[in-house]
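Visitor: Okay, handing you the structure first.
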Amino acid sequence: MKIHSVKKVFFTILMLLTAVALLLFSQQIREEILRAFTLAVQTVIPGLFPFLVLSQTVCATGFLQTDATRADKVMQVLFCVPSSCIAPIVFGLTGGYLAGIKTVRAMYDKGEISSQQAQKLSSFCFSPGPAFAIGAVGKSMLANAQSGILLFGSCTLAALLCGICTNRGHHATPVSVCKAKESLGISFTRAVQTSAAACLSLSAWMAVFATVQAVFLQL
């Protein structure tokens, strides 16, 4: 039997087993999905959405763009990137990894950073924002704000150390912007739309993970 045929048979069996599991554990799955969406609406989205809108607006308008020589030297020494990359670092640490990654993508699409610089910034945009780490995890899940502060502090320190220690030796070569800056009104409107889509996507993935968790807990 060819490898393609084996993969097709395996995939078919997997889909059938998944359908059976969804039917057998439908009640547990509904409860977990409801819990996931509740967590998203009450905690994750309120702490993430404003930062996404702000970061997208700032990047589109070019508000944080700077040609300051001193700032370039500091960013080169710390992270090996130009000072124009300060936006994803700031929003990644304050708004969470999704805000940081969305900012990196927006800057790359506008031609403000190179592919290498986008990869560099993405390598340490993994820290949760303070709203999620302290509010959702610390206060809501662990019922201990100090645990949330410790989580946020450790993740932030790890992200900064990762940014400092990785890809050493590269030069912070500036990239010419290939697209014009947008007006505030257009930038803000598009930022709201893209941020809402990102939050919806995140909520959907939380529901998917909740479904998988519900099935495995019943096995």
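Naming scheme: A, B, ... for chains in displayed order of the structure tokens; residues 1 onward per chain; ligands 1 onward as shown.
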Would you pick out the contacts of segment 146-151 of chain A at 12 Å or less, using only C-alpha atoms, so that residues sharing its chain but fewer than 3 positions from it are not included, and give the list as a PyMOL selection string?

Guide: chain A and resi 127-143+154-158

Visitor: Write down as a ChimeraX atom specification the residues of segment 16-183 of chain A whose backbone DSSP state falls under alpha helix (DSSP H).

Guide: /A:16-24,26-39,45-61,69-79,86-95,97-109,115-122,130,145-165

Visitor: For Leu202 of chain A, work out the shell of residues within 12 Å, counting only C-alpha atoms and skipping chain neighbours fewer than 3 positions away, then give it as a PyMOL selection string.

Guide: chain A and resi 36-37+39-41+44-45+48-49+97-99+195-199+205-209

Visitor: Please write the residues from the selection above to a file, keeping N, CA and C atoms, as an mmCIF file, in the first residue's frame.

Guide:
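Dumped to again.cif:
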data_model
loop_
_atom_site.group_PDB
_atom_site.id
_atom_site.type_symbol
_atom_site.label_atom_id
_atom_site.label_comp_id
_atom_site.auth_asym_id
_atom_site.auth_seq_id
_atom_site.Cartn_x
_atom_site.Cartn_y
_atom_site.Cartn_z
ATOM 1 N N ALA A 36 -14.580 28.314 28.019
ATOM 2 C CA ALA A 36 -13.509 28.957 27.266
ATOM 3 C C ALA A 36 -13.946 30.310 26.728
ATOM 4 N N PHE A 37 -15.148 30.367 26.154
ATOM 5 C CA PHE A 37 -15.648 31.646 25.624
ATOM 6 C C PHE A 37 -15.915 32.646 26.753
ATOM 7 N N LEU A 39 -14.249 32.826 29.563
ATOM 8 C CA LEU A 39 -12.932 33.332 29.948
ATOM 9 C C LEU A 39 -12.428 34.348 28.939
ATOM 10 N N ALA A 40 -12.658 34.075 27.660
ATOM 11 C CA ALA A 40 -12.204 34.989 26.619
ATOM 12 C C ALA A 40 -12.915 36.338 26.714
ATOM 13 N N VAL A 41 -14.233 36.295 26.894
ATOM 14 C CA VAL A 41 -15.024 37.533 26.913
ATOM 15 C C VAL A 41 -14.782 38.333 28.189
ATOM 16 N N VAL A 44 -9.704 37.733 28.726
ATOM 17 C CA VAL A 44 -8.675 37.827 27.692
ATOM 18 C C VAL A 44 -8.920 39.002 26.757
ATOM 19 N N ILE A 45 -10.112 39.077 26.173
ATOM 20 C CA ILE A 45 -10.393 40.133 25.201
ATOM 21 C C ILE A 45 -10.346 41.531 25.808
ATOM 22 N N LEU A 48 -6.763 42.473 26.030
ATOM 23 C CA LEU A 48 -5.981 42.412 24.801
ATOM 24 C C LEU A 48 -6.454 43.385 23.736
ATOM 25 N N PHE A 49 -7.754 43.515 23.565
ATOM 26 C CA PHE A 49 -8.311 44.309 22.471
ATOM 27 C C PHE A 49 -7.811 45.754 22.439
ATOM 28 N N TYR A 97 1.760 38.759 23.782
ATOM 29 C CA TYR A 97 2.448 38.294 22.586
ATOM 30 C C TYR A 97 1.655 38.573 21.309
ATOM 31 N N LEU A 98 0.324 38.484 21.364
ATOM 32 C CA LEU A 98 -0.465 38.702 20.153
ATOM 33 C C LEU A 98 -0.341 40.133 19.671
ATOM 34 N N ALA A 99 -0.358 41.086 20.603
ATOM 35 C CA ALA A 99 -0.179 42.488 20.226
ATOM 36 C C ALA A 99 1.204 42.709 19.635
ATOM 37 N N SER A 195 -8.257 44.053 14.823
ATOM 38 C CA SER A 195 -8.132 43.628 16.217
ATOM 39 C C SER A 195 -9.317 42.762 16.629
ATOM 40 N N ALA A 196 -10.513 43.124 16.162
ATOM 41 C CA ALA A 196 -11.690 42.312 16.449
ATOM 42 C C ALA A 196 -11.557 40.929 15.830
ATOM 43 N N ALA A 197 -11.029 40.869 14.609
ATOM 44 C CA ALA A 197 -10.822 39.577 13.954
ATOM 45 C C ALA A 197 -9.800 38.739 14.711
ATOM 46 N N ALA A 198 -8.746 39.384 15.207
ATOM 47 C CA ALA A 198 -7.715 38.664 15.961
ATOM 48 C C ALA A 198 -8.281 38.112 17.270
ATOM 49 N N CYS A 199 -9.099 38.905 17.957
ATOM 50 C CA CYS A 199 -9.704 38.442 19.209
ATOM 51 C C CYS A 199 -10.675 37.297 18.962
ATOM 52 N N TRP A 205 -9.686 29.553 18.920
ATOM 53 C CA TRP A 205 -8.635 28.593 19.273
ATOM 54 C C TRP A 205 -8.771 28.139 20.719
ATOM 55 N N MET A 206 -9.190 29.031 21.592
ATOM 56 C CA MET A 206 -9.442 28.633 22.974
ATOM 57 C C MET A 206 -10.557 27.595 23.037
ATOM 58 N N ALA A 207 -11.585 27.750 22.187
ATOM 59 C CA ALA A 207 -12.666 26.778 22.132
ATOM 60 C C ALA A 207 -12.174 25.429 21.595
ATOM 61 N N VAL A 208 -11.273 25.474 20.619
ATOM 62 C CA VAL A 208 -10.709 24.227 20.072
ATOM 63 C C VAL A 208 -9.926 23.482 21.144
ATOM 64 N N PHE A 209 -9.064 24.200 21.865
ATOM 65 C CA PHE A 209 -8.282 23.564 22.929
ATOM 66 C C PHE A 209 -9.195 23.043 24.038
#

Visitor: List as a list in words the protein and nucleic acid residues near Leu184 of chain A, meaning an atom at most 9 Å away when only C-alpha atoms are counted, but skip any in the same chain fewer than 3 places from it.

Guide: Thr57, Val58, Ala60, Thr61, Ser187, Phe188 and Thr189 of chain A

Visitor: For atom CA of Thr194 of chain A and atom CA of Leu52 of chain A, quote the distance in Å rounded to one decimal.

Guide: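 Computing the Euclidean distance for atom CA of Thr194 of chain A and atom CA of Leu52 of chain A yields 8.5 Å.
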
Visitor: Nearest to Ser183 of chain A: which of A:Ala214, A:Ser201, A:Gln117, A:Cys59 is it, counting only C-alpha atoms?

Guide: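 Closest candidate: A:Cys59.
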
Visitor: Quick one: of A:Cys125, A:Ile3, A:Ala159, A:Leu14, who's nearest to Lys102 of chain A, counting only C-alpha atoms?

Guide: A:Cys125

Visitor: Which residue is closest to Ser83 of chain A? Choose from A:Ala106, A:Ile113, A:Val9, A:Ala19 and count only C-alpha atoms.

Guide: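 That would be A:Ile113, the residue with the smallest distance to Ser83 of chain A.
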
Visitor: Suppose you want the space between atom CA of Ile13 of chain A and atom CA of Ser26 of chain A; what is it in Å?

Guide: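 Taking atom CA of Ile13 of chain A and atom CA of Ser26 of chain A, their separation equals 19.5 Å.
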